[in-house]
$ cat entry11.txt   # compact mmCIF, C-alpha atoms and all ligand atoms
# COMPACT_ATOMS: atom_id res chain seq x y z
CA MET A 1 20.93 2.06 -13.48
CA ASN A 2 23.55 -0.74 -13.49
CA GLN A 3 22.57 -4.41 -13.31
CA SER A 4 23.53 -4.93 -9.65
CA ALA A 5 21.48 -1.90 -8.55
CA GLN A 6 18.49 -3.32 -10.43
CA ASP A 7 18.94 -6.68 -8.68
CA THR A 8 19.06 -5.12 -5.20
CA PRO A 9 15.69 -4.51 -3.55
CA LEU A 10 14.91 -0.85 -2.96
CA LEU A 11 12.91 -1.91 0.08
CA GLU A 12 13.03 -5.06 2.14
CA VAL A 13 10.67 -5.69 5.03
CA ASN A 14 11.39 -8.61 7.36
CA GLY A 15 9.05 -9.92 10.05
CA LEU A 16 7.38 -6.55 10.53
CA LYS A 17 4.90 -6.36 13.43
CA LYS A 18 2.75 -3.68 14.97
CA TYR A 19 0.92 -4.67 18.16
CA TYR A 20 -1.28 -2.28 20.13
CA PRO A 21 -1.69 -3.08 23.85
CA MET A 22 -5.24 -3.36 25.18
CA ASN A 23 -5.94 -1.90 28.63
CA LYS A 24 -9.37 -1.94 30.29
CA GLY A 25 -8.75 1.29 32.29
CA TRP A 26 -6.06 3.96 32.65
CA PHE A 27 -4.12 2.07 35.36
CA SER A 28 -5.02 -1.54 34.51
CA LYS A 29 -2.56 -4.12 33.22
CA THR A 30 -2.35 -4.96 29.52
CA SER A 31 -4.96 -7.64 28.85
CA GLY A 32 -3.86 -8.47 25.30
CA TYR A 33 -2.73 -6.99 22.01
CA VAL A 34 -4.36 -5.97 18.75
CA ARG A 35 -2.07 -7.49 16.15
CA ALA A 36 -2.50 -4.88 13.41
CA VAL A 37 0.51 -6.20 11.45
CA ASP A 38 1.73 -9.63 12.42
CA GLY A 39 5.04 -10.68 10.87
CA VAL A 40 5.02 -9.37 7.30
CA SER A 41 7.98 -9.85 4.93
CA PHE A 42 8.43 -8.77 1.31
CA LYS A 43 10.80 -7.03 -1.11
CA VAL A 44 10.18 -4.26 -3.60
CA MET A 45 12.54 -3.88 -6.57
CA PRO A 46 13.48 -0.49 -8.09
CA GLY A 47 10.87 0.73 -10.57
CA GLU A 48 8.35 -1.88 -9.46
CA THR A 49 4.80 -1.38 -8.22
CA LEU A 50 3.77 -3.73 -5.45
CA GLY A 51 0.03 -3.72 -4.86
CA ILE A 52 -1.15 -4.54 -1.33
CA VAL A 53 -4.78 -5.55 -1.04
CA GLY A 54 -7.11 -6.46 1.79
CA GLU A 55 -10.28 -5.42 3.58
CA SER A 56 -10.38 -2.57 6.13
CA GLY A 57 -8.45 -3.45 9.27
CA CYS A 58 -6.12 -5.99 7.60
CA GLY A 59 -3.11 -3.84 8.54
CA LYS A 60 -2.11 -2.62 5.08
CA SER A 61 -2.18 1.11 5.93
CA THR A 62 -0.42 0.53 9.28
CA MET A 63 2.34 -1.20 7.36
CA GLY A 64 2.65 1.75 4.96
CA GLN A 65 2.93 4.12 7.91
CA MET A 66 5.71 2.04 9.47
CA ILE A 67 7.68 2.01 6.21
CA THR A 68 7.46 5.81 5.92
CA GLN A 69 8.45 6.15 9.60
CA LEU A 70 5.11 7.67 10.63
CA LEU A 71 4.67 4.73 13.04
CA GLU A 72 7.27 2.79 14.99
CA PRO A 73 7.24 -1.00 14.47
CA THR A 74 6.83 -3.31 17.48
CA GLU A 75 9.24 -5.76 15.88
CA GLY A 76 10.94 -6.52 12.59
CA GLU A 77 13.21 -4.62 10.25
CA ILE A 78 12.82 -2.25 7.34
CA LEU A 79 15.76 -2.04 4.97
CA PHE A 80 15.81 0.82 2.49
CA GLN A 81 18.56 0.59 -0.15
CA GLY A 82 20.15 -2.06 2.08
CA GLN A 83 20.20 0.14 5.21
CA ASN A 84 18.27 -0.94 8.28
CA LEU A 85 16.25 2.15 9.23
CA ALA A 86 16.48 1.22 12.92
CA ASP A 87 20.29 1.69 12.77
CA LEU A 88 20.17 5.22 11.38
CA THR A 89 20.68 8.42 13.34
CA GLU A 90 17.94 11.05 13.49
CA VAL A 91 19.78 13.13 10.85
CA GLU A 92 20.11 10.11 8.55
CA ILE A 93 16.45 9.20 9.02
CA ARG A 94 15.46 12.74 8.01
CA LYS A 95 17.36 12.26 4.73
CA VAL A 96 15.71 8.87 4.12
CA ARG A 97 12.28 10.40 4.76
CA ARG A 98 12.75 12.54 1.65
CA ASP A 99 13.08 9.35 -0.40
CA LEU A 100 9.98 7.78 1.16
CA GLN A 101 6.84 9.76 0.46
CA PHE A 102 3.19 9.09 1.16
CA VAL A 103 0.08 9.87 -0.90
CA PHE A 104 -2.99 9.71 1.31
CA GLN A 105 -6.42 8.28 0.66
CA ASP A 106 -8.48 11.35 1.36
CA PRO A 107 -6.90 14.37 -0.29
CA TYR A 108 -9.39 16.72 1.38
CA SER A 109 -8.48 15.86 4.96
CA SER A 110 -4.77 15.42 4.21
CA LEU A 111 -4.41 18.95 2.76
CA ASN A 112 -4.46 21.92 5.12
CA PRO A 113 -7.69 23.80 4.18
CA ARG A 114 -6.17 27.16 5.13
CA MET A 115 -3.19 26.82 2.81
CA LYS A 116 -3.14 27.64 -0.90
CA ALA A 117 -2.07 24.97 -3.38
CA PHE A 118 1.21 26.84 -3.87
CA ASP A 119 2.04 26.74 -0.15
CA ILE A 120 1.02 23.08 0.22
CA VAL A 121 3.49 22.05 -2.49
CA ALA A 122 6.14 24.57 -1.37
CA GLU A 123 6.10 23.55 2.30
CA PRO A 124 8.32 20.43 2.11
CA LEU A 125 10.81 22.30 -0.10
CA GLN A 126 11.02 25.06 2.50
CA VAL A 127 11.14 22.74 5.53
CA HIS A 128 14.05 20.79 4.03
CA GLY A 129 15.79 23.98 2.85
CA ILE A 130 15.74 22.81 -0.78
CA ALA A 131 14.50 25.97 -2.47
CA LYS A 132 13.50 29.55 -1.68
CA GLY A 133 12.56 32.79 -3.42
CA LYS A 134 12.39 32.69 -7.22
CA GLU A 135 13.74 29.15 -7.38
CA LEU A 136 10.95 27.96 -5.05
CA LYS A 137 8.29 29.63 -7.18
CA THR A 138 9.64 28.07 -10.39
CA GLU A 139 9.84 24.62 -8.79
CA VAL A 140 6.29 24.73 -7.36
CA PHE A 141 4.83 25.84 -10.71
CA ARG A 142 6.80 23.09 -12.45
CA LEU A 143 5.45 20.48 -9.99
CA LEU A 144 1.87 21.67 -10.39
CA GLU A 145 2.20 21.47 -14.17
CA THR A 146 3.79 18.02 -13.94
CA VAL A 147 0.63 16.70 -12.26
CA GLY A 148 -1.67 18.43 -14.76
CA LEU A 149 -2.56 21.57 -12.78
CA GLY A 150 -1.86 24.95 -14.36
CA ALA A 151 0.25 27.44 -12.42
CA HIS A 152 -2.79 29.79 -12.55
CA LEU A 153 -4.47 27.51 -9.96
CA ALA A 154 -1.68 27.94 -7.42
CA ASN A 155 -3.52 30.59 -5.38
CA ARG A 156 -6.61 28.47 -4.76
CA HIS A 157 -7.46 26.69 -1.52
CA PRO A 158 -8.24 22.93 -1.36
CA HIS A 159 -12.03 23.48 -1.24
CA GLU A 160 -11.86 25.24 -4.61
CA PHE A 161 -10.58 22.07 -6.32
CA SER A 162 -12.36 18.85 -7.32
CA GLY A 163 -11.43 15.57 -5.57
CA GLY A 164 -9.18 14.52 -8.47
CA GLN A 165 -7.42 17.91 -8.52
CA ARG A 166 -6.86 17.73 -4.76
CA GLN A 167 -5.25 14.32 -5.19
CA ARG A 168 -3.01 15.85 -7.89
CA ILE A 169 -1.88 18.47 -5.33
CA GLY A 170 -1.10 15.63 -2.88
CA ILE A 171 0.96 13.90 -5.57
CA ALA A 172 2.80 17.14 -6.46
CA ARG A 173 3.67 17.59 -2.75
CA ALA A 174 5.01 14.01 -2.60
CA LEU A 175 7.04 14.56 -5.80
CA ALA A 176 8.60 17.75 -4.43
CA MET A 177 11.16 15.68 -2.47
CA LYS A 178 12.21 13.73 -5.60
CA PRO A 179 11.42 10.49 -3.77
CA LYS A 180 12.50 7.01 -4.75
CA LEU A 181 9.52 5.21 -3.19
CA ILE A 182 5.95 6.49 -2.87
CA ILE A 183 3.42 4.68 -0.70
CA CYS A 184 0.03 5.35 -2.25
CA ASP A 185 -2.56 4.56 0.43
CA GLU A 186 -5.87 4.04 -1.37
CA PRO A 187 -5.22 7.18 -3.46
CA VAL A 188 -8.25 6.70 -5.73
CA SER A 189 -10.85 5.04 -3.50
CA ALA A 190 -12.55 8.35 -2.59
CA LEU A 191 -12.81 9.42 -6.26
CA ASP A 192 -15.37 8.84 -9.03
CA VAL A 193 -14.55 5.92 -11.33
CA SER A 194 -13.69 8.16 -14.33
CA ILE A 195 -11.36 10.27 -12.18
CA GLN A 196 -9.78 7.13 -10.69
CA ALA A 197 -8.55 6.14 -14.17
CA GLN A 198 -7.03 9.60 -14.71
CA ILE A 199 -5.11 9.48 -11.42
CA LEU A 200 -3.91 5.92 -12.06
CA ASN A 201 -2.70 6.97 -15.53
CA LEU A 202 -0.96 10.00 -14.03
CA LEU A 203 0.81 7.80 -11.45
CA LYS A 204 1.96 5.46 -14.23
CA GLU A 205 3.26 8.35 -16.35
CA LEU A 206 5.13 9.82 -13.37
CA GLN A 207 6.63 6.41 -12.60
CA GLN A 208 8.12 6.29 -16.13
CA GLN A 209 9.24 9.91 -16.06
CA PHE A 210 10.92 9.86 -12.64
CA GLN A 211 11.81 6.12 -12.26
CA LEU A 212 9.55 5.87 -9.23
CA THR A 213 8.81 2.77 -7.20
CA TYR A 214 5.34 2.40 -5.70
CA ILE A 215 3.61 0.49 -2.97
CA PHE A 216 -0.03 0.80 -3.93
CA ILE A 217 -2.48 0.00 -1.13
CA ALA A 218 -6.14 -0.74 -1.91
CA HIS A 219 -9.07 -2.60 -0.40
CA GLY A 220 -10.04 -4.35 -3.63
CA LEU A 221 -8.24 -5.99 -6.53
CA PRO A 222 -9.76 -3.85 -9.34
CA SER A 223 -7.87 -0.68 -8.41
CA VAL A 224 -4.48 -2.43 -8.15
CA LYS A 225 -4.94 -4.50 -11.31
CA HIS A 226 -3.73 -1.97 -13.87
CA ILE A 227 -0.90 -0.44 -11.89
CA SER A 228 0.75 -3.37 -10.06
CA ASP A 229 3.56 -5.66 -11.23
CA ARG A 230 3.08 -7.95 -8.24
CA ILE A 231 0.29 -8.11 -5.68
CA ALA A 232 0.32 -9.10 -1.99
CA VAL A 233 -3.00 -10.05 -0.39
CA MET A 234 -3.30 -9.35 3.36
CA TYR A 235 -5.73 -10.80 5.84
CA LEU A 236 -5.76 -9.98 9.57
CA GLY A 237 -2.26 -8.52 9.66
CA LYS A 238 -0.57 -11.19 7.52
CA ILE A 239 0.27 -11.72 3.87
CA VAL A 240 -1.70 -14.77 2.72
CA GLU A 241 -0.67 -14.68 -0.95
CA LEU A 242 1.90 -12.85 -3.10
CA ALA A 243 2.43 -13.31 -6.84
CA ASP A 244 2.86 -11.57 -10.19
CA ARG A 245 -0.32 -9.72 -11.06
CA ASP A 246 -1.35 -11.86 -14.07
CA GLU A 247 -0.54 -15.08 -12.23
CA LEU A 248 -2.60 -13.98 -9.20
CA PHE A 249 -5.59 -13.02 -11.33
CA SER A 250 -5.53 -16.19 -13.45
CA ARG A 251 -4.42 -18.77 -10.85
CA PRO A 252 -5.18 -17.64 -7.29
CA HIS A 253 -3.94 -20.12 -4.68
CA HIS A 254 -5.64 -18.77 -1.58
CA PRO A 255 -9.42 -18.95 -1.02
CA TYR A 256 -9.39 -15.36 0.25
CA THR A 257 -7.84 -14.12 -3.01
CA GLU A 258 -10.42 -16.15 -4.91
CA ALA A 259 -13.16 -14.40 -2.92
CA LEU A 260 -11.67 -10.95 -3.63
CA LEU A 261 -11.58 -11.82 -7.33
CA GLU A 262 -15.31 -12.41 -7.13
CA ALA A 263 -15.68 -8.66 -6.64
CA VAL A 264 -13.74 -7.85 -9.85
CA PRO A 265 -16.23 -7.04 -12.64
CA VAL A 266 -15.82 -9.19 -15.80
CA PRO A 267 -17.36 -7.38 -18.80
CA ASP A 268 -17.83 -10.51 -20.96
CA PRO A 269 -20.29 -12.94 -19.26
CA ARG A 270 -18.75 -15.88 -21.18
CA LEU A 271 -15.46 -15.27 -19.33
CA ARG A 272 -17.07 -15.29 -15.87
CA LYS A 273 -16.03 -18.23 -13.72
CA GLU A 274 -18.03 -19.94 -11.01
CA ARG A 275 -16.54 -18.50 -7.83
CA THR A 276 -17.61 -18.56 -4.22
CA PRO A 277 -18.45 -15.06 -2.88
CA LEU A 278 -16.95 -13.91 0.40
CA THR A 279 -19.38 -14.00 3.31
CA GLY A 280 -19.14 -13.08 7.00
CA GLU A 281 -17.37 -10.28 8.85
CA ILE A 282 -13.62 -9.89 9.19
CA PRO A 283 -12.76 -11.25 12.70
CA ASN A 284 -11.60 -9.00 15.52
CA PRO A 285 -7.78 -8.63 15.24
CA ALA A 286 -7.66 -8.50 19.06
CA ASN A 287 -9.06 -12.02 19.16
CA PRO A 288 -8.14 -13.73 15.87
CA PRO A 289 -9.47 -17.23 15.09
CA SER A 290 -7.27 -20.21 15.98
CA GLY A 291 -5.26 -21.96 13.26
CA CYS A 292 -5.79 -20.35 9.88
CA SER A 293 -7.26 -16.91 10.60
CA PHE A 294 -9.45 -17.20 7.48
CA HIS A 295 -11.10 -20.45 8.58
CA THR A 296 -14.29 -18.76 9.88
CA ARG A 297 -15.09 -17.55 6.34
CA CYS A 298 -13.43 -20.16 4.16
CA PRO A 299 -15.67 -22.43 2.03
CA TYR A 300 -12.90 -25.09 1.93
CA VAL A 301 -12.25 -25.27 5.69
CA GLN A 302 -11.26 -28.65 7.17
CA ASP A 303 -10.43 -29.72 10.74
CA ILE A 304 -6.69 -29.03 10.48
CA CYS A 305 -7.42 -25.42 9.44
CA ARG A 306 -8.97 -24.71 12.87
CA GLN A 307 -5.95 -26.11 14.71
CA LYS A 308 -2.81 -25.27 12.75
CA ALA A 309 -1.86 -21.97 11.08
CA PRO A 310 -0.55 -22.57 7.54
CA SER A 311 2.87 -21.10 6.77
CA LEU A 312 3.59 -18.90 3.76
CA GLU A 313 5.18 -21.22 1.18
CA GLU A 314 6.32 -20.92 -2.42
CA HIS A 315 4.07 -23.42 -4.18
CA THR A 316 5.07 -22.34 -7.71
CA PRO A 317 8.06 -20.10 -8.65
CA GLY A 318 7.54 -16.55 -7.34
CA HIS A 319 4.05 -17.38 -6.07
CA VAL A 320 3.67 -17.78 -2.29
CA SER A 321 0.53 -18.51 -0.31
CA ALA A 322 -0.48 -19.62 3.18
CA CYS A 323 -3.11 -22.34 2.92
CA HIS A 324 -3.23 -26.05 3.82
CA PHE A 325 -5.27 -26.75 0.69
CA PRO A 326 -4.19 -24.21 -1.98
CA LEU A 327 -6.65 -24.01 -4.86
CA HIS A 328 -4.22 -25.03 -7.61
CA LYS A 329 -3.59 -28.30 -5.74
CA GLN A 330 -7.31 -28.87 -5.19
CA ALA A 331 -7.81 -28.44 -8.95
CA THR A 332 -5.24 -31.13 -9.79
CA ASN A 333 -6.48 -33.67 -7.22
FE1 LIG A 401 -9.27 -22.20 4.00
FE2 LIG A 401 -7.98 -24.05 5.39
FE3 LIG A 401 -6.75 -22.75 3.44
FE4 LIG A 401 -7.37 -21.49 5.69
S1 LIG A 401 -5.93 -23.20 5.47
S2 LIG A 401 -7.65 -20.73 3.65
S3 LIG A 401 -9.32 -22.42 6.19
S4 LIG A 401 -8.49 -24.15 3.22

$ encode --input "entry11.txt" --output "structure tokens"
Amino acid sequence: MNQSAQDTPLLEVNGLKKYYPMNKGWFSKTSGYVRAVDGVSFKVMPGETLGIVGESGCGKSTMGQMITQLLEPTEGEILFQGQNLADLTEVEIRKVRRDLQFVFQDPYSSLNPRMKAFDIVAEPLQVHGIAKGKELKTEVFRLLETVGLGAHLANRHPHEFSGGQRQRIGIARALAMKPKLIICDEPVSALDVSIQAQILNLLKELQQQFQLTYIFIAHGLPSVKHISDRIAVMYLGKIVELADRDELFSRPHHPYTEALLEAVPVPDPRLRKERTPLTGEIPNPANPPSGCSFHTRCPYVQDICRQKAPSLEEHTPGHVSACHFPLHKQATN
């Protein structure tokens, strides 16, 4: 890859929004909107892994579905290799969809139970007219072996595999299109801890082998820690902090990130820091709190937080956060 290609984002998302109208009855007027994603912007460089973290309902999966064109945005733009996806024709979008693949959270429900592993992996190759006959067979066996499944397992149905093996089939299916970007939507959260490590290692190996770029979505920081180069933290449809992984783990700026870090196990008790655990429920996205949407759960809340929403600002190079009283500033005061 030449230098300029490396400097150009593979994906750029600007002001992305997804609002769902709320109606009380079939014929009633819209009474408001659920702001599932509310003005999100970020870039992903080629070969990078961007982790996106937040509790259930923060909008992270909705955002992944908009990027892969499974959902239409309400507003905002998605640029893939510099092209605004909204400007493309249906034929062009179909080509781009090959480059943007999705690995789902629950491999059992995302795989057709009536299809054999062979057919699940072969299907996208057939639909896009990429391979048939002997060539198709060779390619499917190669893909299964790439993800650590022997070709002898190709005739089995999803229920005959373990959870980790099913996720490997999902990954093989995503790889079939030779994608550039894979959105991994909580790909290990349904798996046992020991299997999680195997799948994360597989994803890292495949990234090296095929120069893949990942967006890795998770509800907690531990599962994104080992795979991400940078991490974005989402709360109620917005990014509240984005930084390099090591910087985010060692110097979180936002109280929400600090609270998520509380959930990360630290093996050595001498290295544990005094942190404030997260309490309270995530607010209803149909009726978000005024001002800073985190103020109902924030241990550092002050009057201004209830009135004025903080903007996302770069407080230190490459490290942005949305808080009136970022933690690194509190520490130096
Ligand atoms: Fe907490 Fe205020 Fe910062 Fe929001 S703006 S995270 S309420 S300190």

$ closest_atom_pairs --input "entry11.txt" --of "chain A" --to "ligand LIG 401 (chain A)" --cutoff "6 Å" --atoms "all atoms listed in the file" --output "JSON lines"
{"residue": "A:His254", "atom": "CA", "partner": "A:LIG401", "partner_atom": "S2", "distance": 5.9}
{"residue": "A:Pro255", "atom": "CA", "partner": "A:LIG401", "partner_atom": "S2", "distance": 5.3}
{"residue": "A:Cys292", "atom": "CA", "partner": "A:LIG401", "partner_atom": "FE4", "distance": 4.6}
{"residue": "A:Phe294", "atom": "CA", "partner": "A:LIG401", "partner_atom": "FE4", "distance": 5.1}
{"residue": "A:His295", "atom": "CA", "partner": "A:LIG401", "partner_atom": "S3", "distance": 3.6}
{"residue": "A:Cys298", "atom": "CA", "partner": "A:LIG401", "partner_atom": "FE1", "distance": 4.6}
{"residue": "A:Tyr300", "atom": "CA", "partner": "A:LIG401", "partner_atom": "S4", "distance": 4.7}
{"residue": "A:Val301", "atom": "CA", "partner": "A:LIG401", "partner_atom": "S3", "distance": 4.1}
{"residue": "A:Gln302", "atom": "CA", "partner": "A:LIG401", "partner_atom": "FE2", "distance": 5.9}
{"residue": "A:Cys305", "atom": "CA", "partner": "A:LIG401", "partner_atom": "FE2", "distance": 4.3}
{"residue": "A:Pro310", "atom": "CA", "partner": "A:LIG401", "partner_atom": "S1", "distance": 5.8}
{"residue": "A:Cys323", "atom": "CA", "partner": "A:LIG401", "partner_atom": "FE3", "distance": 3.7}
{"residue": "A:His324", "atom": "CA", "partner": "A:LIG401", "partner_atom": "S1", "distance": 4.3}
{"residue": "A:Phe325", "atom": "CA", "partner": "A:LIG401", "partner_atom": "S4", "distance": 4.9}

$ closest_residue --input "entry11.txt" --among "A:Gly64, A:Gly82, A:Gly129, A:Pro113" --to "Gln101 (chain A)" --atoms "all atoms listed in the file"
A:Gly64

$ residues_around --input "entry11.txt" --residues "region 229-238 of chain A" --least-positions-apart "2" --cutoff "8 Å" --atoms "only C-alpha atoms" --output "JSON, numbers by chain"
{"A": [35, 36, 37, 38, 39, 40, 48, 49, 50, 51, 52, 53, 54, 55, 57, 58, 59, 60, 224, 227, 240, 241, 242, 243, 244, 245, 248, 257, 282, 283, 285, 288, 293, 294]}

$ atom_distance --input "entry11.txt" --atom1 "CA of Ser228 (chain A)" --atom2 "CA of Glu205 (chain A)"
13.5 Å

$ residues_around --input "entry11.txt" --residues "Ser189 (chain A)" --least-positions-apart "4" --cutoff "8 Å" --atoms "all atoms listed in the file" --output "list of chain:residue names"
A:Gln105, A:Gln196, A:Ala218

$ residues_around --input "entry11.txt" --residues "His253 (chain A)" --least-positions-apart "5" --cutoff "9 Å" --atoms "all atoms listed in the file" --output "VMD selection string"
chain A and resid 241 248 258 315 319 to 323 325 to 329

$ atom_distance --input "entry11.txt" --atom1 "CA of Ser28 (chain A)" --atom2 "CA of Gln65 (chain A)"
28.3 Å

$ residues_near_point --input "entry11.txt" --point "(2.7, 6.7, 2.3)" --cutoff "8 Å" --atoms "all atoms listed in the file" --output "PyMOL selection string"
chain A and resi 64-65+67-68+100-104+182-185

$ atom_distance --input "entry11.txt" --atom1 "CA of Phe80 (chain A)" --atom2 "CA of Gly15 (chain A)"
14.8 Å

$ residues_around --input "entry11.txt" --residues "Asn14 (chain A)" --least-positions-apart "3" --cutoff "12 Å" --atoms "all atoms listed in the file" --output "mmCIF file with C-alpha atoms, in the frame of the given file"
data_model
loop_
_atom_site.group_PDB
_atom_site.id
_atom_site.type_symbol
_atom_site.label_atom_id
_atom_site.label_comp_id
_atom_site.auth_asym_id
_atom_site.auth_seq_id
_atom_site.Cartn_x
_atom_site.Cartn_y
_atom_site.Cartn_z
ATOM 1 C CA LEU A 11 12.910 -1.910 0.080
ATOM 2 C CA LYS A 17 4.900 -6.360 13.430
ATOM 3 C CA VAL A 37 0.510 -6.200 11.450
ATOM 4 C CA ASP A 38 1.730 -9.630 12.420
ATOM 5 C CA GLY A 39 5.040 -10.680 10.870
ATOM 6 C CA VAL A 40 5.020 -9.370 7.300
ATOM 7 C CA SER A 41 7.980 -9.850 4.930
ATOM 8 C CA PHE A 42 8.430 -8.770 1.310
ATOM 9 C CA LYS A 43 10.800 -7.030 -1.110
ATOM 10 C CA VAL A 44 10.180 -4.260 -3.600
ATOM 11 C CA MET A 63 2.340 -1.200 7.360
ATOM 12 C CA ILE A 67 7.680 2.010 6.210
ATOM 13 C CA PRO A 73 7.240 -1.000 14.470
ATOM 14 C CA GLU A 75 9.240 -5.760 15.880
ATOM 15 C CA GLY A 76 10.940 -6.520 12.590
ATOM 16 C CA GLU A 77 13.210 -4.620 10.250
ATOM 17 C CA ILE A 78 12.820 -2.250 7.340
ATOM 18 C CA LEU A 79 15.760 -2.040 4.970
ATOM 19 C CA PHE A 80 15.810 0.820 2.490
ATOM 20 C CA ASN A 84 18.270 -0.940 8.280
ATOM 21 C CA LEU A 85 16.250 2.150 9.230
#

$ closest_residue --input "entry11.txt" --among "A:Ala117, A:Leu221, A:Leu70, A:Leu88" --to "Glu160 (chain A)" --atoms "only C-alpha atoms"
A:Ala117

$ closest_residue --input "entry11.txt" --among "A:Gly47, A:Arg166, A:Ser311, A:Ala259" --to "Gln211 (chain A)" --atoms "all atoms listed in the file"
A:Gly47

$ closest_residue --input "entry11.txt" --among "A:Lys178, A:His159, A:Gly164, A:Leu260" --to "Ala190 (chain A)" --atoms "all atoms listed in the file"
A:Gly164

$ closest_residue --input "entry11.txt" --among "A:Met22, A:Leu203, A:Leu175, A:Val127" --to "Leu144 (chain A)" --atoms "only C-alpha atoms"
A:Leu175

$ closest_residue --input "entry11.txt" --among "A:Ala122, A:Gln69, A:Ala286, A:Phe216" --to "Pro21 (chain A)" --atoms "only C-alpha atoms"
A:Ala286

$ decode --input "entry11.txt" --residues "region 80-92 of chain A" --atoms "N, CA and C atoms" --output "short mmCIF file (atom, residue, chain, number, x, y, z; two decimals), in the first residue's frame"
data_model
loop_
_atom_site.label_atom_id
_atom_site.label_comp_id
_atom_site.auth_asym_id
_atom_site.auth_seq_id
_atom_site.Cartn_x
_atom_site.Cartn_y
_atom_site.Cartn_z
N PHE A 80 -16.90 5.67 2.20
CA PHE A 80 -16.07 4.47 2.17
C PHE A 80 -15.07 4.64 1.03
N GLN A 81 -13.78 4.59 1.35
CA GLN A 81 -12.71 4.87 0.39
C GLN A 81 -12.98 6.20 -0.33
N GLY A 82 -13.45 7.18 0.43
CA GLY A 82 -13.68 8.53 -0.09
C GLY A 82 -15.01 8.72 -0.81
N GLN A 83 -15.76 7.65 -1.03
CA GLN A 83 -17.04 7.76 -1.76
C GLN A 83 -18.20 7.84 -0.77
N ASN A 84 -19.04 8.85 -0.96
CA ASN A 84 -20.23 8.95 -0.13
C ASN A 84 -21.24 7.88 -0.57
N LEU A 85 -21.57 6.96 0.33
CA LEU A 85 -22.44 5.84 -0.05
C LEU A 85 -23.81 6.31 -0.53
N ALA A 86 -24.25 7.48 -0.05
CA ALA A 86 -25.57 8.00 -0.46
C ALA A 86 -25.57 8.41 -1.93
N ASP A 87 -24.40 8.66 -2.52
CA ASP A 87 -24.33 9.09 -3.92
C ASP A 87 -24.24 7.93 -4.90
N LEU A 88 -24.11 6.71 -4.38
CA LEU A 88 -23.87 5.57 -5.28
C LEU A 88 -25.17 5.00 -5.83
N THR A 89 -25.07 4.42 -7.02
CA THR A 89 -26.23 3.74 -7.61
C THR A 89 -26.41 2.39 -6.92
N GLU A 90 -27.54 1.76 -7.17
CA GLU A 90 -27.82 0.46 -6.55
C GLU A 90 -26.74 -0.57 -6.94
N VAL A 91 -26.30 -0.52 -8.20
CA VAL A 91 -25.27 -1.47 -8.66
C VAL A 91 -23.96 -1.20 -7.92
N GLU A 92 -23.62 0.08 -7.78
CA GLU A 92 -22.37 0.43 -7.08
C GLU A 92 -22.43 0.03 -5.61
#
